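Student: Next up, work13.txt (compact mmCIF, C-alpha atoms).
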```
# COMPACT_ATOMS: atom_id res chain seq x y z
CA MET A 1 -5.41 -4.98 -75.21
CA GLY A 2 -4.42 -1.88 -77.10
CA ARG A 3 -1.08 -0.15 -77.50
CA TYR A 4 0.36 1.60 -74.45
CA ILE A 5 3.05 4.22 -73.85
CA MET A 6 4.91 2.65 -70.98
CA SER A 7 6.92 3.60 -67.94
CA ARG A 8 8.93 1.07 -65.99
CA ILE A 9 9.19 0.29 -62.25
CA VAL A 10 12.93 -0.16 -61.77
CA ALA A 11 13.36 -0.72 -58.03
CA VAL A 12 11.68 -0.37 -54.63
CA GLY A 13 13.50 0.50 -51.42
CA THR A 14 12.04 0.45 -47.92
CA SER A 15 12.80 1.60 -44.39
CA LEU A 16 11.30 0.82 -40.99
CA PRO A 17 11.79 2.72 -37.70
CA PRO A 18 13.59 1.08 -34.75
CA TYR A 19 10.86 0.38 -32.17
CA ILE A 20 9.22 -3.02 -32.77
CA LEU A 21 6.03 -3.70 -30.82
CA ARG A 22 4.21 -7.01 -30.76
CA GLN A 23 0.44 -7.01 -31.03
CA GLU A 24 -0.02 -8.58 -27.58
CA GLU A 25 1.70 -5.71 -25.77
CA ILE A 26 -0.18 -3.09 -27.78
CA SER A 27 -3.46 -4.84 -26.94
CA GLU A 28 -2.63 -4.78 -23.24
CA PHE A 29 -1.71 -1.09 -23.51
CA ALA A 30 -5.10 -0.42 -25.15
CA ARG A 31 -6.88 -2.32 -22.38
CA ARG A 32 -5.36 -0.01 -19.76
CA LEU A 33 -5.93 3.18 -21.74
CA PHE A 34 -9.51 2.56 -22.92
CA SER A 35 -10.93 0.54 -20.00
CA ASN A 36 -12.54 3.55 -18.33
CA SER A 37 -14.26 4.54 -21.56
CA PHE A 38 -15.66 1.13 -22.52
CA ARG A 39 -17.27 -1.10 -19.92
CA ASP A 40 -17.20 -3.90 -22.48
CA ILE A 41 -13.50 -3.44 -23.30
CA ASP A 42 -12.93 -7.22 -23.35
CA ARG A 43 -15.54 -7.52 -26.08
CA LEU A 44 -13.74 -4.92 -28.20
CA LEU A 45 -10.15 -6.11 -27.75
CA PRO A 46 -10.44 -9.06 -30.17
CA VAL A 47 -10.05 -6.44 -32.92
CA PHE A 48 -6.29 -6.70 -32.21
CA GLN A 49 -6.22 -10.44 -32.82
CA ASN A 50 -8.70 -10.37 -35.71
CA SER A 51 -6.55 -7.83 -37.56
CA GLN A 52 -4.01 -10.61 -38.27
CA VAL A 53 -1.20 -8.20 -37.33
CA GLU A 54 1.60 -9.72 -35.27
CA MET A 55 4.10 -6.87 -34.99
CA ARG A 56 4.57 -3.26 -36.03
CA HIS A 57 7.35 -0.68 -36.22
CA PHE A 58 7.15 2.80 -34.67
CA CYS A 59 9.29 5.92 -34.43
CA VAL A 60 8.77 6.10 -30.65
CA PRO A 61 8.67 3.50 -27.83
CA LEU A 62 5.45 2.20 -26.29
CA GLU A 63 5.67 4.44 -23.23
CA TRP A 64 5.47 7.53 -25.47
CA PHE A 65 1.85 6.64 -26.26
CA GLY A 66 0.96 6.62 -22.57
CA GLU A 67 1.25 10.40 -22.22
CA PRO A 68 -0.46 13.31 -24.01
CA HIS A 69 1.61 15.29 -26.51
CA SER A 70 0.96 18.59 -28.24
CA PHE A 71 0.34 18.88 -31.97
CA ALA A 72 3.57 20.91 -32.27
CA GLU A 73 5.62 18.21 -30.53
CA LYS A 74 4.15 15.41 -32.63
CA ASN A 75 4.64 17.31 -35.87
CA SER A 76 8.24 18.16 -35.01
CA LEU A 77 8.91 14.46 -34.46
CA TYR A 78 7.18 13.71 -37.76
CA GLN A 79 9.47 16.05 -39.68
CA GLU A 80 12.56 14.52 -38.12
CA CYS A 81 11.50 10.88 -38.54
CA ALA A 82 9.96 11.31 -41.99
CA LEU A 83 13.22 12.75 -43.35
CA ARG A 84 15.34 9.98 -41.82
CA LEU A 85 13.08 7.16 -43.04
CA SER A 86 12.75 8.70 -46.51
CA VAL A 87 16.50 9.02 -46.99
CA GLU A 88 17.04 5.41 -45.88
CA ALA A 89 14.40 4.13 -48.31
CA ILE A 90 15.78 6.22 -51.19
CA LYS A 91 19.33 4.96 -50.64
CA ASP A 92 18.02 1.39 -50.64
CA CYS A 93 16.05 2.01 -53.84
CA LEU A 94 18.82 3.75 -55.79
CA GLU A 95 21.40 1.16 -54.79
CA LYS A 96 19.16 -1.61 -56.16
CA ALA A 97 18.54 0.40 -59.34
CA GLY A 98 22.21 1.21 -59.90
CA ARG A 99 21.34 4.90 -60.13
CA THR A 100 22.62 7.96 -58.28
CA ALA A 101 20.65 10.66 -56.48
CA GLN A 102 21.88 13.17 -59.07
CA GLU A 103 20.08 11.26 -61.84
CA VAL A 104 16.64 11.86 -60.28
CA ASP A 105 14.67 14.40 -62.31
CA HIS A 106 11.46 14.59 -60.25
CA ILE A 107 10.44 13.62 -56.70
CA PHE A 108 6.82 12.79 -55.93
CA PHE A 109 6.54 12.94 -52.15
CA VAL A 110 3.48 11.31 -50.58
CA SER A 111 2.45 11.56 -46.92
CA THR A 112 -0.64 12.23 -44.82
CA THR A 113 0.56 11.96 -41.20
CA GLY A 114 2.35 15.27 -40.69
CA MET A 115 2.99 18.68 -42.22
CA ALA A 116 6.06 20.66 -43.28
CA THR A 117 6.75 23.83 -45.24
CA PRO A 118 9.11 23.71 -47.03
CA SER A 119 7.94 20.18 -47.74
CA ILE A 120 10.01 17.14 -46.77
CA ASP A 121 11.08 16.56 -50.39
CA SER A 122 13.11 19.79 -50.32
CA ARG A 123 14.91 18.52 -47.23
CA ILE A 124 15.55 15.21 -48.99
CA ILE A 125 17.20 17.05 -51.90
CA ASN A 126 19.49 18.91 -49.50
CA GLU A 127 20.25 15.83 -47.40
CA MET A 128 21.18 13.70 -50.43
CA GLY A 129 22.93 16.38 -52.46
CA MET A 130 20.57 16.07 -55.40
CA ASN A 131 20.55 18.36 -58.41
CA ILE A 132 19.22 21.77 -57.36
CA HIS A 133 16.91 21.72 -60.39
CA THR A 134 15.13 18.54 -59.33
CA LYS A 135 11.39 19.01 -59.74
CA ARG A 136 9.16 18.42 -56.70
CA THR A 137 5.54 17.41 -56.30
CA PRO A 138 4.44 16.99 -52.68
CA VAL A 139 1.13 15.12 -52.35
CA TRP A 140 -0.83 15.27 -49.07
CA GLY A 141 -4.15 13.86 -47.91
CA LEU A 142 -4.61 10.70 -49.97
CA GLY A 143 -4.10 8.39 -46.99
CA CYS A 144 -3.92 4.67 -47.78
CA ALA A 145 -4.42 5.33 -51.50
CA GLY A 146 -1.40 7.63 -51.68
CA GLY A 147 1.24 5.06 -52.61
CA ALA A 148 -0.70 3.78 -55.60
CA ALA A 149 -1.70 7.33 -56.60
CA GLY A 150 1.94 8.38 -56.41
CA LEU A 151 2.89 5.58 -58.79
CA SER A 152 0.20 6.83 -61.18
CA ARG A 153 1.45 10.42 -61.11
CA ALA A 154 5.06 9.25 -61.65
CA LYS A 155 3.92 7.11 -64.57
CA GLU A 156 2.16 10.09 -66.16
CA TYR A 157 5.26 12.28 -65.76
CA THR A 158 7.64 9.71 -67.26
CA THR A 159 5.19 9.12 -70.11
CA ALA A 160 5.19 12.84 -70.91
CA TYR A 161 8.98 13.02 -70.41
CA PRO A 162 10.18 9.54 -71.42
CA GLU A 163 13.86 10.34 -70.83
CA SER A 164 13.18 11.12 -67.15
CA HIS A 165 13.78 9.30 -63.86
CA ALA A 166 10.99 9.90 -61.31
CA LEU A 167 11.35 8.99 -57.67
CA LEU A 168 8.23 8.26 -55.63
CA VAL A 169 8.76 8.60 -51.88
CA ALA A 170 5.99 7.63 -49.47
CA VAL A 171 6.47 7.98 -45.73
CA GLU A 172 3.95 7.71 -42.90
CA CYS A 173 4.39 8.09 -39.16
CA CYS A 174 0.89 6.94 -38.20
CA GLY A 175 1.93 6.33 -34.60
CA LEU A 176 2.80 10.01 -34.12
CA THR A 177 -0.79 11.00 -34.88
CA PHE A 178 -2.06 9.04 -31.86
CA GLN A 179 -4.23 11.18 -29.58
CA HIS A 180 -4.02 10.09 -25.95
CA GLU A 181 -7.13 12.16 -25.23
CA ASP A 182 -9.26 10.42 -27.88
CA LYS A 183 -11.06 7.48 -26.28
CA SER A 184 -13.33 6.80 -29.27
CA LYS A 185 -13.90 3.42 -30.86
CA SER A 186 -12.29 4.75 -34.06
CA ASN A 187 -9.08 5.46 -32.17
CA LEU A 188 -9.17 2.01 -30.58
CA VAL A 189 -9.50 0.39 -34.01
CA ALA A 190 -6.69 2.56 -35.41
CA THR A 191 -4.50 1.53 -32.48
CA SER A 192 -4.94 -2.09 -33.53
CA ILE A 193 -3.57 -1.77 -37.06
CA PHE A 194 -1.61 1.36 -38.06
CA ALA A 195 2.19 1.68 -38.04
CA ASP A 196 5.16 3.64 -39.41
CA GLY A 197 7.41 3.13 -42.43
CA ALA A 198 8.73 4.51 -45.71
CA ALA A 199 9.21 3.30 -49.27
CA ALA A 200 10.85 4.73 -52.40
CA VAL A 201 10.20 3.63 -55.98
CA LEU A 202 12.21 4.57 -59.06
CA ILE A 203 10.10 4.88 -62.21
CA GLU A 204 11.80 5.46 -65.57
CA GLY A 205 10.51 6.59 -68.93
CA ASP A 206 10.79 4.59 -72.13
CA LYS A 207 13.78 6.57 -73.43
CA CYS A 208 16.00 6.61 -70.35
CA GLU A 209 19.68 6.12 -71.09
CA GLY A 210 20.89 2.72 -69.94
CA ARG A 211 17.30 1.71 -69.20
CA THR A 212 17.10 -1.20 -66.77
CA LYS A 213 14.58 -4.01 -66.50
CA GLY A 214 11.38 -3.93 -64.48
CA PRO A 215 7.62 -4.26 -64.90
CA GLU A 216 5.89 -1.76 -67.16
CA ILE A 217 3.06 0.46 -65.93
CA LEU A 218 0.53 0.24 -68.74
CA HIS A 219 -2.44 2.25 -67.49
CA THR A 220 -3.92 3.81 -64.34
CA MET A 221 -7.36 4.83 -63.09
CA SER A 222 -8.46 6.96 -60.15
CA THR A 223 -12.00 6.85 -58.74
CA LEU A 224 -13.66 9.20 -56.27
CA TRP A 225 -17.12 8.20 -55.13
CA PRO A 226 -19.46 11.18 -54.53
CA GLU A 227 -20.59 12.22 -51.06
CA THR A 228 -18.19 9.92 -49.20
CA GLU A 229 -15.86 12.49 -47.65
CA ASP A 230 -16.75 11.50 -44.10
CA VAL A 231 -15.97 7.78 -44.49
CA MET A 232 -12.34 8.01 -43.36
CA GLY A 233 -9.70 10.66 -42.82
CA TRP A 234 -8.66 13.21 -40.20
CA ASP A 235 -10.54 15.61 -38.01
CA ILE A 236 -7.88 18.26 -37.31
CA ASN A 237 -8.17 19.61 -33.78
CA GLU A 238 -5.96 21.23 -31.14
CA HIS A 239 -4.29 17.88 -30.42
CA GLY A 240 -3.43 17.18 -34.06
CA LEU A 241 -4.86 14.63 -36.48
CA LYS A 242 -7.82 12.73 -35.05
CA VAL A 243 -8.72 9.57 -36.93
CA ILE A 244 -12.13 9.14 -38.57
CA PHE A 245 -13.47 5.66 -39.37
CA SER A 246 -17.07 5.26 -40.47
CA ARG A 247 -18.95 2.09 -39.58
CA ASP A 248 -20.11 2.15 -43.22
CA ILE A 249 -16.65 1.24 -44.58
CA PRO A 250 -17.25 -2.55 -44.88
CA SER A 251 -20.60 -2.08 -46.66
CA LEU A 252 -19.12 0.56 -48.99
CA VAL A 253 -16.25 -1.74 -49.89
CA ASP A 254 -18.73 -4.54 -50.64
CA LYS A 255 -20.93 -2.25 -52.72
CA LEU A 256 -18.33 -0.27 -54.67
CA LEU A 257 -15.24 -2.42 -55.05
CA LYS A 258 -16.45 -5.20 -57.36
CA PRO A 259 -18.02 -3.04 -60.10
CA ASN A 260 -15.05 -0.68 -59.99
CA ILE A 261 -12.46 -3.40 -60.56
CA HIS A 262 -14.48 -5.28 -63.17
CA SER A 263 -15.22 -2.15 -65.20
CA TYR A 264 -11.49 -1.35 -65.18
CA LEU A 265 -10.58 -4.83 -66.41
CA GLU A 266 -13.31 -4.71 -69.07
CA MET A 267 -11.85 -1.41 -70.28
CA HIS A 268 -8.75 -3.39 -71.20
CA GLN A 269 -10.69 -6.41 -72.48
CA LEU A 270 -9.48 -8.44 -69.50
CA GLN A 271 -10.94 -10.69 -66.83
CA ALA A 272 -9.66 -11.45 -63.34
CA SER A 273 -8.33 -14.76 -64.67
CA ASP A 274 -5.95 -12.82 -66.95
CA ILE A 275 -4.23 -11.22 -63.94
CA THR A 276 -1.33 -13.21 -62.47
CA HIS A 277 -0.32 -10.82 -59.67
CA PHE A 278 -2.64 -8.96 -57.29
CA ILE A 279 -0.59 -6.22 -55.58
CA THR A 280 -3.07 -4.95 -53.04
CA HIS A 281 -2.87 -2.47 -50.18
CA PRO A 282 -3.74 -4.53 -47.06
CA GLY A 283 -5.97 -2.04 -45.28
CA GLY A 284 -6.93 -4.95 -43.03
CA ARG A 285 -7.86 -8.61 -43.28
CA LYS A 286 -11.46 -7.72 -44.18
CA VAL A 287 -10.31 -5.51 -47.05
CA ILE A 288 -8.25 -8.36 -48.50
CA GLU A 289 -11.23 -10.69 -48.13
CA ALA A 290 -13.37 -8.13 -50.00
CA TYR A 291 -10.87 -8.08 -52.88
CA ALA A 292 -10.84 -11.89 -53.02
CA GLU A 293 -14.64 -11.98 -53.09
CA ALA A 294 -14.92 -9.22 -55.69
CA LEU A 295 -12.45 -10.95 -57.99
CA GLU A 296 -13.78 -14.44 -57.18
CA ILE A 297 -10.30 -15.79 -56.42
CA ASN A 298 -8.73 -17.60 -53.48
CA ILE A 299 -7.44 -15.36 -50.69
CA GLY A 300 -4.13 -17.21 -50.99
CA ARG A 301 -3.46 -15.09 -54.09
CA PHE A 302 -2.95 -12.18 -51.67
CA ALA A 303 -0.23 -13.93 -49.65
CA HIS A 304 2.27 -11.08 -50.02
CA ALA A 305 -0.24 -8.48 -48.82
CA LEU A 306 -1.25 -10.62 -45.85
CA ASP A 307 2.42 -11.20 -44.96
CA ILE A 308 3.19 -7.46 -44.98
CA LEU A 309 0.09 -6.85 -42.85
CA ARG A 310 1.26 -9.51 -40.39
CA ARG A 311 4.83 -8.22 -40.09
CA CYS A 312 4.36 -4.46 -40.50
CA GLY A 313 0.69 -3.55 -40.00
CA ASN A 314 -1.00 -0.87 -42.07
CA MET A 315 1.51 1.88 -42.88
CA SER A 316 -1.10 3.83 -44.86
CA SER A 317 0.24 4.95 -48.26
CA VAL A 318 3.49 3.05 -47.79
CA THR A 319 2.05 -0.45 -47.42
CA VAL A 320 1.18 -1.24 -51.03
CA LEU A 321 4.77 -0.35 -52.00
CA PHE A 322 6.07 -2.93 -49.50
CA VAL A 323 3.78 -5.44 -51.22
CA LEU A 324 5.10 -4.33 -54.62
CA LYS A 325 8.66 -4.89 -53.39
CA ALA A 326 7.77 -8.44 -52.35
CA PHE A 327 6.43 -9.18 -55.83
CA LEU A 328 9.53 -7.74 -57.51
CA GLU A 329 11.81 -9.83 -55.31
CA LYS A 330 9.88 -12.97 -56.23
CA GLY A 331 9.93 -11.97 -59.89
CA ILE A 332 7.17 -11.06 -62.35
CA GLY A 333 7.46 -13.19 -65.47
CA GLU A 334 7.73 -11.65 -68.92
CA GLY A 335 4.27 -10.80 -70.22
CA GLU A 336 2.54 -11.54 -66.93
CA LEU A 337 -0.06 -8.97 -65.87
CA GLY A 338 -0.43 -7.46 -62.41
CA LEU A 339 -3.05 -5.22 -60.80
CA ILE A 340 -1.99 -2.70 -58.15
CA THR A 341 -4.93 -1.60 -55.98
CA ALA A 342 -5.54 0.67 -53.00
CA LEU A 343 -8.51 2.32 -51.29
CA GLY A 344 -8.33 5.60 -49.40
CA PRO A 345 -10.21 8.57 -48.00
CA GLY A 346 -12.45 10.42 -50.32
CA PHE A 347 -13.79 7.56 -50.51
CA SER A 348 -11.43 6.66 -53.34
CA SER A 349 -9.74 3.92 -55.33
CA GLU A 350 -6.50 3.70 -57.28
CA LEU A 351 -5.88 0.99 -59.89
CA LEU A 352 -2.77 0.36 -61.98
CA LEU A 353 -2.26 -2.29 -64.66
CA ILE A 354 1.33 -3.51 -64.96
CA ARG A 355 3.10 -6.07 -67.14
CA GLY A 356 6.33 -8.01 -66.63
```
Now that the file is in, can you turn its structure into structure tokens?

Tutor:
Amino acid sequence: MGRYIMSRIVAVGTSLPPYILRQEEISEFARRLFSNSFRDIDRLLPVFQNSQVEMRHFCVPLEWFGEPHSFAEKNSLYQECALRLSVEAIKDCLEKAGRTAQEVDHIFFVSTTGMATPSIDSRIINEMGMNIHTKRTPVWGLGCAGGAAGLSRAKEYTTAYPESHALLVAVECCGLTFQHEDKSKSNLVATSIFADGAAAVLIEGDKCEGRTKGPEILHTMSTLWPETEDVMGWDINEHGLKVIFSRDIPSLVDKLLKPNIHSYLEMHQLQASDITHFITHPGGRKVIEAYAEALEINIGRFAHALDILRRCGNMSSVTVLFVLKAFLEKGIGEGELGLITALGPGFSSELLLIRG
């Protein structure tokens, strides 16, 4: 391994909305809603059990999903909930880091489940009384890859400005994108796994005053595979954000994931056996299984990712940061290497190499 200019992950804070729904009640809701569209609904419902999700958190109660809502109404709720969840996660993060909101130099705000202009990060600055000169970079549209991509952009900023404190904020209100009118199989699958939540990560440069401990981000890599725009994402219509899931996703993961990860490790003269911690976005049980197969390691090495999936579902960009928090709480030993990974629309991959 060569010499790296490093940034450090200091702390991760999280926040979850108040409505907790168990998978059994969501499955029964889906049976009622989709039964007229699928004669074989009982054959499709095992997707809820197979997802390995047990519970999820939402910004609205279950009965909200039983009625149609306009795009304007859903987006207004998004702006309100996204701000509240973001502020809670930031306070949690900064308290753990022993830093104040006024010390933040740059906010990278990541989200894909709603829209706001001015962007939510400006509202965060006002809500928390941050320095009026705080720089802002709102990032939209990266979906499940957004949390890892946000870490990469924050690392690049704090490498260029090593005396800086960068705050990554990822918030997703996936539940608020639900379209009552959409009776497609893609919407049924999305109903089985997606959820709401927020996370904040403080990343510091190498020359920060009073620099605290935390794993170093050594290197990052983004990948966008050509001609894969229609694999996953949104179709924006009069009802809002309609989910797109291609049936080709499993085969694409199988085909593209292994060479992508191995070429990245080879770039650093590493093998999978050199990596102690696999900090993976749990897009679903099958995605975790694909990572285990690609890296030729036991799926038990992804216990933190599977636990977050079980307790919180897939919160899109936020989820990998919940997994990162779990690793930090357990402790990453000095010199131990970790690999942060996420897949998203595009079809795209984000990889980060970290060291304790």

Student: Given the choices A:Met267, A:Glu25, A:Ser317, A:Arg247, which gets closest to A:Val139 if the distance is worked out from only C-alpha atoms?

Tutor: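 Among the listed residues, A:Ser317 lies closest to A:Val139.
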
Student: Compile the contact shell of A:Leu343 as JSON, numbers by chain: residues with an atom at most 8 Å away, counting all atoms listed in the file, same-chain residues fewer than 2 positions apart removed.

Tutor: {"A": [144, 145, 281, 283, 341, 345, 347, 348, 349, 350]}

Student: Residues within 12 Å of (-0.3, -2.0, -22.6), file coordinates, counting only C-alpha atoms: what are they? Give the list as a ChimeraX atom specification.

Tutor: /A:21-35,45,61-66,191-192

Student: Could you work out how far atom CA of A:Glu216 lies from atom CA of A:Ile9, giving the answer in Å with one decimal?

Tutor: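 Separating atom CA of A:Ile9 from atom CA of A:Glu216 is a distance of 6.3 Å.
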
Student: Hey, what's within 12 Å of stretch 193-195 of chain A if we count all atoms listed in the file and toss same-chain stuff fewer than 5 positions away? As a compact mmCIF listing (two decimals) with C-alpha atoms, in the frame of the given file, please?

Tutor:
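Result file is part-v2.txt:
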```
# COMPACT_ATOMS: atom_id res chain seq x y z
CA LEU A 16 11.30 0.82 -40.99
CA PRO A 17 11.79 2.72 -37.70
CA PRO A 18 13.59 1.08 -34.75
CA TYR A 19 10.86 0.38 -32.17
CA ILE A 20 9.22 -3.02 -32.77
CA LEU A 21 6.03 -3.70 -30.82
CA ARG A 22 4.21 -7.01 -30.76
CA GLN A 23 0.44 -7.01 -31.03
CA ILE A 26 -0.18 -3.09 -27.78
CA SER A 27 -3.46 -4.84 -26.94
CA VAL A 47 -10.05 -6.44 -32.92
CA PHE A 48 -6.29 -6.70 -32.21
CA GLN A 49 -6.22 -10.44 -32.82
CA ASN A 50 -8.70 -10.37 -35.71
CA SER A 51 -6.55 -7.83 -37.56
CA GLN A 52 -4.01 -10.61 -38.27
CA VAL A 53 -1.20 -8.20 -37.33
CA GLU A 54 1.60 -9.72 -35.27
CA MET A 55 4.10 -6.87 -34.99
CA ARG A 56 4.57 -3.26 -36.03
CA HIS A 57 7.35 -0.68 -36.22
CA PHE A 58 7.15 2.80 -34.67
CA CYS A 59 9.29 5.92 -34.43
CA VAL A 60 8.77 6.10 -30.65
CA THR A 113 0.56 11.96 -41.20
CA GLY A 143 -4.10 8.39 -46.99
CA CYS A 144 -3.92 4.67 -47.78
CA VAL A 171 6.47 7.98 -45.73
CA GLU A 172 3.95 7.71 -42.90
CA CYS A 173 4.39 8.09 -39.16
CA CYS A 174 0.89 6.94 -38.20
CA GLY A 175 1.93 6.33 -34.60
CA LEU A 176 2.80 10.01 -34.12
CA THR A 177 -0.79 11.00 -34.88
CA PHE A 178 -2.06 9.04 -31.86
CA SER A 186 -12.29 4.75 -34.06
CA ASN A 187 -9.08 5.46 -32.17
CA LEU A 188 -9.17 2.01 -30.58
CA VAL A 243 -8.72 9.57 -36.93
CA PRO A 282 -3.74 -4.53 -47.06
CA GLY A 283 -5.97 -2.04 -45.28
CA GLY A 284 -6.93 -4.95 -43.03
CA ARG A 285 -7.86 -8.61 -43.28
CA ILE A 308 3.19 -7.46 -44.98
CA LEU A 309 0.09 -6.85 -42.85
CA ARG A 310 1.26 -9.51 -40.39
CA ARG A 311 4.83 -8.22 -40.09
CA CYS A 312 4.36 -4.46 -40.50
CA GLY A 313 0.69 -3.55 -40.00
CA ASN A 314 -1.00 -0.87 -42.07
CA MET A 315 1.51 1.88 -42.88
CA SER A 316 -1.10 3.83 -44.86
CA SER A 317 0.24 4.95 -48.26
CA VAL A 318 3.49 3.05 -47.79
CA THR A 319 2.05 -0.45 -47.42
```
